[in-house]
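Participant: Have a look at the structure that comes next, please.
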Amino acid sequence: MSLTGFVRFLRQSLQRLESDFIQAVGLDRSLGPALAVNGPSLLPQPNNSSEPSFLDSIFWMAVPKKRRTIEVNRCRRRNPNKMIKVKTNIEPCVQCGNLKLKHTLCGFCYEKIQKETSLIRRQIQNMEGRPLNTPAVETVVLYENETPGEADQGKRIVERSRKRPSWFNL
Amino acid sequence: DIYQIIHYSFCIWTIRNLRKCKKCQILAPCSQGSCLHTTAQLNTKNWDRKNRIVYPPQQKDEPPRPAEVFHCRRQIKYSKDKMWYLAKLIKGMSIDQALAQLEFSDKKGAIAIKEVLLEAQEMAVKNHNVEFKSNLYVAESFSGKGKYLKRIRYHGRGMFGIMDKVHCHYFVKLVEGTPPVVVQKTPFDQAKEYVEQLRSRTIIHSL
């Protein structure tokens, strides 16, 4: 067996493959008429200019080669980085005893304060009447049996008809 | 004629050894009425029935049987695969720890699971003779596929797909007591066990 003959055979087969590929794609110009036609319309060119239709462009899309088995799928879905991590920063709130995250306010206490502030805001809304009617003074909230002190002289007073809550310090 | 004899004997053999299972309509080997396919009738909610089993009173020498509560919720509007992650999170935890983790989880299914756990805890204290509501742990927790609704999802070029509106079930079993400590097996131990298993194989029917 001669090595040169083998190499020549390989080159020929490669060239044949290449020419077949080019003909299949349509980039080959050698099959058109050899005569030069004197006219406006030239020999039909392969339509590279027009938009490749949907069915042509699917030949070069990435596509899965094989079905992923359930074992492979399980390995991916049950990988520790996809599992939910156990949180270690949960602690009970000192004030109310409900659970809270370490760096966050307690949800229960916040709800409680939100309720009271919404009532105060409603009171202020009733006092003002229409929007954009806020006076250019500070506001102070007074509960039952409370009189405005010395520091509250020039301020607008909002009265709430209930006992002062324990968490709302003066 | 030989073919007739063979056919006849084959029929006799099937009648003797194979029987058509009434429920699943499959020919299966069985003898004297015992069936391999022991599935129950359609659409039975077995998990709910598990709370009804009553054990006979225990003898003095038997170890005390811990109380068990089974609870579930059906047709939760969530995916069974996503619910599985939450179920796996709380598996084996004490009920207080499980409730804490679910309260601060960002997942939609965590709200449903938390409600189920609280209901189960209440049921345990009221009906199942559990003394302390914190003395429970999650023995089993898993999710199952619920009934899907089907809708049309419109694509371009007049194509369409069928969209599934997924639902899932969630099942939980609470057992009284402290959660059992799971010994973490190292990969080295697992490998050693595997090698020992291979070494202990013998050749059957040998001299």
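In the structure tokens, the first chain shown is A, the next is B, and so on; residue numbers restart at 1 for each chain, and ligands run from 1 in the order shown.
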Run DSSP on the backbone of this structure and report the residues of range 1-203 of chain B it assigns to strand (DSSP E or B), as a PyMOL selection string.
Facilitator: chain B and resi 18-20+27-29+68-76+94+136-145+149-154+160-165+168-176
Participant: Which parts of range 49-162 of chain A does DSSP call alpha helix (DSSP H) when run on the backbone here, written out as a PyMOL selection string?
Facilitator: chain A and resi 54-57+70-77+107-128
Participant: Give me, as a ChimeraX atom specification, the contact residues of chain A against chain B at a cut-off of 10 Å, counting only C-alpha atoms.
Facilitator: /A:77-78,82-92,98-101
Participant: Applying 7 Å and only C-alpha atoms, which residues near Glu68 in chain B remain after dropping the ones on its own chain fewer than 5 positions away? List them as a PDB file with N, CA and C atoms, in the first residue's frame.
Facilitator:
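Output contents, as saved in part18.pdb:
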ATOM      1  N   LYS B 173     -47.502  14.211  56.903  1.00  0.00           N
ATOM      2  CA  LYS B 173     -47.766  13.314  58.038  1.00  0.00           C
ATOM      3  C   LYS B 173     -46.964  13.829  59.211  1.00  0.00           C
ATOM      4  N   LEU B 174     -47.668  14.195  60.274  1.00  0.00           N
ATOM      5  CA  LEU B 174     -46.990  14.668  61.491  1.00  0.00           C
ATOM      6  C   LEU B 174     -46.982  13.539  62.505  1.00  0.00           C
ATOM      7  N   VAL B 175     -45.852  13.361  63.170  1.00  0.00           N
ATOM      8  CA  VAL B 175     -45.717  12.312  64.186  1.00  0.00           C
ATOM      9  C   VAL B 175     -45.286  12.980  65.483  1.00  0.00           C
ATOM     10  N   GLU B 176     -45.806  12.478  66.581  1.00  0.00           N
ATOM     11  CA  GLU B 176     -45.467  13.062  67.879  1.00  0.00           C
ATOM     12  C   GLU B 176     -44.050  12.674  68.268  1.00  0.00           C
TER      13      GLU B 176
END
